[in-house]
Structures are given as structure tokens and as C-alpha cells.
Amino acid sequence: MRIGLFGGSFNPAHEGHRLVAEQSLQRLRLDALWVLVTPGNPLKSHDDLRPLGERMAATKAIMAHPAITVTDIEAQLGFRYTYETVRFLRRRLFDRRLVWIMGADSMLHFHRWENWQEIAEGLPMAIYVRPGASRLAPTSRAARRYAHYRVAQEDASSLADRSPPAWVYLTGTSSTQSSTAIRNQRQTAT
Ligand SMILES: Nc1ncnc2c1ncn2[C@@H]1O[C@H](COP(=O)(O)OP(=O)(O)OP(=O)(O)O)[C@@H](O)[C@H]1O
Ligand SMILES: O=C(O)c1ccc[n+]([C@@H]2O[C@H](COP(=O)([O-])O)[C@@H](O)[C@H]2O)c1
């Protein structure tokens, strides 16, 4: 069984997230996709972070799909960093094929994540195109560090079966949506 892990703040969730989830399900030939709503990105300010329950509810509404599960497992387990989640799930689900999914903007800063190399070497990763970050993402520090392990997007359907490190950069339909823009619009409207 192939499971995609798509983590995020989802503050709030939007159609760009839905696009990444649907495209990943199809193109990576996943059986399931778990959307991990974080208690709080360790690299972002939490000043305007909406409560977890509110973010979970809105993410479930946007992500409604039979193969998608939205979960707050990281808060339940007291995890702050992604490497903790990946370490835990790899042990717990040792017989499944796990893939980490993120947008191209996350790839730019990935080398600042706690134990980022453990993540990259622990499970295959799929990076989805995002306007504004797409030109730079393939030249990011992480992309350069693991350049040798990049898989052509024509072979994305086999990514989950590959031994890490292995990563694919998925291009195609893109979305300009962002949670920041939605928060700003809401603030202007009130
Ligand atoms: N429009 C988009 N296209 C591709 N990936 C996206 C898009 N929006 C978000 N993502 C990815 O989804 C994941 C969760 O993103 P997040 O919840 O931080 O949304 P965001 O719109 O980037 O939020 P913010 O504007 O608050 O930074 C990240 O991996 C991010 O790269
Ligand atoms: O583990 C880290 O150091 C780390 C640093 C930055 C972001 N992350 C994770 O990256 C995912 C995307 O975060 P965000 O805020 O960009 O939606 C989410 O699952 C975060 O927990 C993780």
C-alpha cells in the first residue's frame, strides 16, 4: 500500500492544497493520502495561526475525497518536527510505502528543517510546482544535495516503490492560491 503524507499549516486550507493532493494521488499512484495538519510550523510565527480544530474542519471540507484522510496525529503525539512524524510512521507502518509531499516553496527552505537529511533519506519525496518558487526549487540546497537521486517525472508512478533518497519534481497545472492571501483578504473585509 502506497501512502502519501502531505503536511501543512492549512491556515486556512485552499484549492491549491486540493490540487497538490489530487495530482499526487494520481501521478504517484497512491492508494491513500494523509493530510497532516500541524500544531504549528516550527519555522513560522504562530501569531495568526487559527486553532487546530478550526483548521482541521476547514481542511476536511476542502479535501473531501474517499482516498484522503485529514489528521491531527502530530498534535496527538506531541510532535513538533516532521522528522519525528516520519520516524514514527516508518516504524509503525514498516510494511507500507510512504512518500512525503510538499510544494515547491517548501523545497526552498527544506534544508532549514530539523534533521532534514534524515527525512530525505527516510522516504521518497514529491515536490509540486508552485508559482513564484518553481524556478528556484530545483536549484535549492536540498535539490543540489540530492541531485543524483532525482527521478524523472515520467517515472513518478514508481516513486513510492523506490528506496530513498529519491525525489520527483512534478510540473503541470499550478495554483496561485495561498493561505496568506486568503488571510489578508479576510482581514480587509472585516
Ligand atoms: N498553491 C500551491 N501550490 C503548490 N503547493 C502549495 C500551494 N499552496 C500550498 N502548497 C503546499 O502545501 C503545503 C502546506 O502549505 P501551507 O498550509 O503553508 O499553505 P500556504 O498557502 O503556503 O500558507 P501561507 O501562505 O500561510 O504560508 C506546503 O507544502 C506548501 O508548499
Ligand atoms: O520539521 C521541521 O523543522 C519543519 C519546518 C518547517 C515546516 N515543516 C513542516 O512542513 C509542512 C508544511 O508547513 P507549512 O507551514 O508550510 O504548511 C508541515 O507539515 C510542517 O510541519 C517542518
# chains A, B, ... in the order shown; residues from 1 in each chain; ligands from 1

call {"tool": "residues_near_ligand", "arguments": {"ligand": "ligand 1", "cutoff": "9 Å", "atoms": "only C-alpha atoms and all ligand atoms", "output": "mmCIF file with N, CA and C atoms, in the first residue's frame"}}
result
data_model
loop_
_atom_site.group_PDB
_atom_site.id
_atom_site.type_symbol
_atom_site.label_atom_id
_atom_site.label_comp_id
_atom_site.auth_asym_id
_atom_site.auth_seq_id
_atom_site.Cartn_x
_atom_site.Cartn_y
_atom_site.Cartn_z
ATOM 1 N N PHE A 6 1.046 14.492 3.385
ATOM 2 C CA PHE A 6 1.052 15.892 2.945
ATOM 3 C C PHE A 6 0.820 16.770 4.171
ATOM 4 N N GLY A 7 1.910 17.349 4.682
ATOM 5 C CA GLY A 7 1.819 18.142 5.902
ATOM 6 C C GLY A 7 1.633 19.608 5.608
ATOM 7 N N GLY A 8 0.991 20.309 6.530
ATOM 8 C CA GLY A 8 0.846 21.748 6.331
ATOM 9 C C GLY A 8 0.171 22.437 7.488
ATOM 10 N N SER A 9 0.249 23.773 7.442
ATOM 11 C CA SER A 9 -0.440 24.584 8.444
ATOM 12 C C SER A 9 -1.925 24.678 8.120
ATOM 13 N N PHE A 10 -2.241 24.755 6.822
ATOM 14 C CA PHE A 10 -3.635 24.847 6.362
ATOM 15 C C PHE A 10 -4.367 25.937 7.161
ATOM 16 N N ASN A 11 -3.854 27.137 7.031
ATOM 17 C CA ASN A 11 -4.282 28.276 7.854
ATOM 18 C C ASN A 11 -4.779 29.428 6.977
ATOM 19 N N PRO A 12 -5.837 29.245 6.179
ATOM 20 C CA PRO A 12 -6.687 28.060 6.053
ATOM 21 C C PRO A 12 -6.305 27.218 4.812
ATOM 22 N N ALA A 13 -6.984 26.055 4.696
ATOM 23 C CA ALA A 13 -6.822 25.197 3.510
ATOM 24 C C ALA A 13 -7.465 25.891 2.312
ATOM 25 N N HIS A 14 -6.938 25.606 1.118
ATOM 26 C CA HIS A 14 -7.461 26.230 -0.102
ATOM 27 C C HIS A 14 -7.344 25.280 -1.291
ATOM 28 N N GLU A 15 -7.775 25.767 -2.462
ATOM 29 C CA GLU A 15 -7.808 24.915 -3.656
ATOM 30 C C GLU A 15 -6.417 24.487 -4.122
ATOM 31 N N GLY A 16 -5.385 25.289 -3.801
ATOM 32 C CA GLY A 16 -4.016 24.892 -4.154
ATOM 33 C C GLY A 16 -3.631 23.597 -3.442
ATOM 34 N N HIS A 17 -4.036 23.479 -2.191
ATOM 35 C CA HIS A 17 -3.771 22.252 -1.422
ATOM 36 C C HIS A 17 -4.507 21.070 -2.053
ATOM 37 N N ARG A 18 -5.741 21.327 -2.427
ATOM 38 C CA ARG A 18 -6.560 20.270 -3.040
ATOM 39 C C ARG A 18 -5.905 19.790 -4.355
ATOM 40 N N LEU A 19 -5.410 20.741 -5.128
ATOM 41 C CA LEU A 19 -4.745 20.398 -6.389
ATOM 42 C C LEU A 19 -3.531 19.492 -6.133
ATOM 43 N N VAL A 20 -2.693 19.881 -5.171
ATOM 44 C CA VAL A 20 -1.498 19.081 -4.865
ATOM 45 C C VAL A 20 -1.916 17.669 -4.431
ATOM 46 N N ALA A 21 -2.953 17.598 -3.609
ATOM 47 C CA ALA A 21 -3.411 16.290 -3.107
ATOM 48 C C ALA A 21 -3.921 15.413 -4.256
ATOM 49 N N VAL A 37 -2.306 17.939 9.532
ATOM 50 C CA VAL A 37 -2.480 19.343 9.916
ATOM 51 C C VAL A 37 -1.604 19.584 11.149
ATOM 52 N N THR A 38 -0.569 20.394 10.955
ATOM 53 C CA THR A 38 0.436 20.573 12.020
ATOM 54 C C THR A 38 -0.098 21.426 13.178
ATOM 55 N N ASN A 41 3.923 25.103 12.395
ATOM 56 C CA ASN A 41 5.213 25.013 11.703
ATOM 57 C C ASN A 41 6.301 25.625 12.587
ATOM 58 N N LYS A 44 7.627 29.076 11.484
ATOM 59 C CA LYS A 44 6.728 30.212 11.239
ATOM 60 C C LYS A 44 6.227 30.793 12.557
ATOM 61 N N LEU A 49 -2.035 32.080 13.724
ATOM 62 C CA LEU A 49 -2.409 30.685 13.455
ATOM 63 C C LEU A 49 -3.757 30.381 14.104
ATOM 64 N N ILE A 101 5.092 14.653 0.652
ATOM 65 C CA ILE A 101 4.650 15.554 -0.427
ATOM 66 C C ILE A 101 4.720 16.996 0.064
ATOM 67 N N MET A 102 5.248 17.880 -0.778
ATOM 68 C CA MET A 102 5.233 19.304 -0.409
ATOM 69 C C MET A 102 5.310 20.178 -1.652
ATOM 70 N N GLY A 103 4.950 21.443 -1.477
ATOM 71 C CA GLY A 103 5.008 22.385 -2.580
ATOM 72 C C GLY A 103 6.431 22.891 -2.802
ATOM 73 N N ALA A 104 6.643 23.474 -3.985
ATOM 74 C CA ALA A 104 7.989 23.916 -4.362
ATOM 75 C C ALA A 104 8.552 24.962 -3.404
ATOM 76 N N ASP A 105 7.694 25.780 -2.791
ATOM 77 C CA ASP A 105 8.202 26.793 -1.850
ATOM 78 C C ASP A 105 8.820 26.129 -0.625
ATOM 79 N N SER A 106 8.259 25.008 -0.197
ATOM 80 C CA SER A 106 8.817 24.287 0.970
ATOM 81 C C SER A 106 10.196 23.717 0.635
ATOM 82 N N MET A 107 10.369 23.330 -0.618
ATOM 83 C CA MET A 107 11.669 22.786 -1.050
ATOM 84 C C MET A 107 12.786 23.828 -0.890
ATOM 85 N N ILE A 127 7.719 16.842 -4.963
ATOM 86 C CA ILE A 127 7.647 18.304 -4.849
ATOM 87 C C ILE A 127 6.715 18.788 -5.947
ATOM 88 N N TYR A 128 5.715 19.571 -5.580
ATOM 89 C CA TYR A 128 4.750 20.021 -6.581
ATOM 90 C C TYR A 128 4.978 21.489 -6.948
ATOM 91 N N VAL A 129 4.916 21.755 -8.241
ATOM 92 C CA VAL A 129 5.137 23.097 -8.790
ATOM 93 C C VAL A 129 4.266 24.140 -8.079
ATOM 94 N N ARG A 130 4.862 25.321 -7.839
ATOM 95 C CA ARG A 130 4.087 26.420 -7.250
ATOM 96 C C ARG A 130 4.596 27.734 -7.821
ATOM 97 N N PRO A 131 3.701 28.572 -8.339
ATOM 98 C CA PRO A 131 4.145 29.832 -8.919
ATOM 99 C C PRO A 131 4.982 30.622 -7.910
ATOM 100 N N SER A 174 -0.875 24.556 -12.215
ATOM 101 C CA SER A 174 -0.427 25.136 -10.942
ATOM 102 C C SER A 174 -1.505 26.062 -10.391
ATOM 103 N N SER A 175 -1.357 26.392 -9.123
ATOM 104 C CA SER A 175 -2.340 27.247 -8.457
ATOM 105 C C SER A 175 -1.623 28.413 -7.792
ATOM 106 N N THR A 176 -2.189 29.604 -7.934
ATOM 107 C CA THR A 176 -1.599 30.785 -7.294
ATOM 108 C C THR A 176 -2.175 31.012 -5.891
ATOM 109 N N GLN A 177 -3.037 30.125 -5.447
ATOM 110 C CA GLN A 177 -3.679 30.301 -4.137
ATOM 111 C C GLN A 177 -2.657 30.240 -3.007
ATOM 112 N N SER A 178 -2.895 31.041 -1.981
ATOM 113 C CA SER A 178 -2.072 30.929 -0.768
ATOM 114 C C SER A 178 -2.907 31.300 0.451
ATOM 115 N N SER A 179 -2.560 30.701 1.578
ATOM 116 C CA SER A 179 -3.286 30.993 2.818
ATOM 117 C C SER A 179 -3.059 32.441 3.233
ATOM 118 N N THR A 180 -1.844 32.952 2.987
ATOM 119 C CA THR A 180 -1.553 34.348 3.340
ATOM 120 C C THR A 180 -2.518 35.277 2.618
ATOM 121 N N ALA A 181 -2.711 35.050 1.320
ATOM 122 C CA ALA A 181 -3.609 35.913 0.536
ATOM 123 C C ALA A 181 -5.036 35.832 1.091
ATOM 124 N N ILE A 182 -5.473 34.640 1.448
ATOM 125 C CA ILE A 182 -6.836 34.485 1.984
ATOM 126 C C ILE A 182 -6.956 35.212 3.328
ATOM 127 N N ARG A 183 -5.941 35.073 4.179
ATOM 128 C CA ARG A 183 -5.987 35.757 5.483
ATOM 129 C C ARG A 183 -6.035 37.272 5.281
#

call {"tool": "select_by_dssp", "arguments": {"residues": "segment 75-156 of chain A", "states": "alpha helix (DSSP H)", "output": "NGL selection string"}}
result
:A and (75-77 or 82-92 or 104-109 or 116-120 or 141-145)

call {"tool": "atom_distance", "arguments": {"atom1": "atom 13 (O, counted along the ligand's line) of ligand 2", "atom2": "atom CA of Leu33 of chain A"}}
result
16.1 Å

call {"tool": "closest_residue", "arguments": {"among": "A:Ile119, A:Arg112, A:Pro66, A:Arg27", "to": "Phe88 of chain A", "atoms": "only C-alpha atoms"}}
result
A:Ile119

call {"tool": "select_by_dssp", "arguments": {"residues": "chain A", "states": "strand (DSSP E)", "output": "NGL selection string"}}
result
:A and (2-8 or 32-37 or 68-71 or 97-103 or 125-128 or 150-151 or 167-170)

call {"tool": "closest_residue", "arguments": {"among": "A:Glu22, A:Ala67, A:Tyr169, A:Gln76", "to": "Thr139 of chain A", "atoms": "only C-alpha atoms"}}
result
A:Tyr169

call {"tool": "closest_residue", "arguments": {"among": "A:Ala156, A:Leu43, A:Leu123, A:Leu93", "to": "His111 of chain A", "atoms": "only C-alpha atoms"}}
result
A:Leu43

call {"tool": "residues_around", "arguments": {"residues": "segment 141-143 of chain A", "least_positions_apart": "4", "cutoff": "12 Å", "atoms": "only C-alpha atoms", "output": "count of residues only"}}
result
30

call {"tool": "closest_residue", "arguments": {"among": "A:Ala64, A:Val86, A:Met56, A:Ala32", "to": "ligand 2", "atoms": "only C-alpha atoms and all ligand atoms"}}
result
A:Val86

call {"tool": "closest_residue", "arguments": {"among": "A:Leu170, A:Met1, A:Ala61, A:Ile68", "to": "Trp34 of chain A", "atoms": "only C-alpha atoms"}}
result
A:Ile68
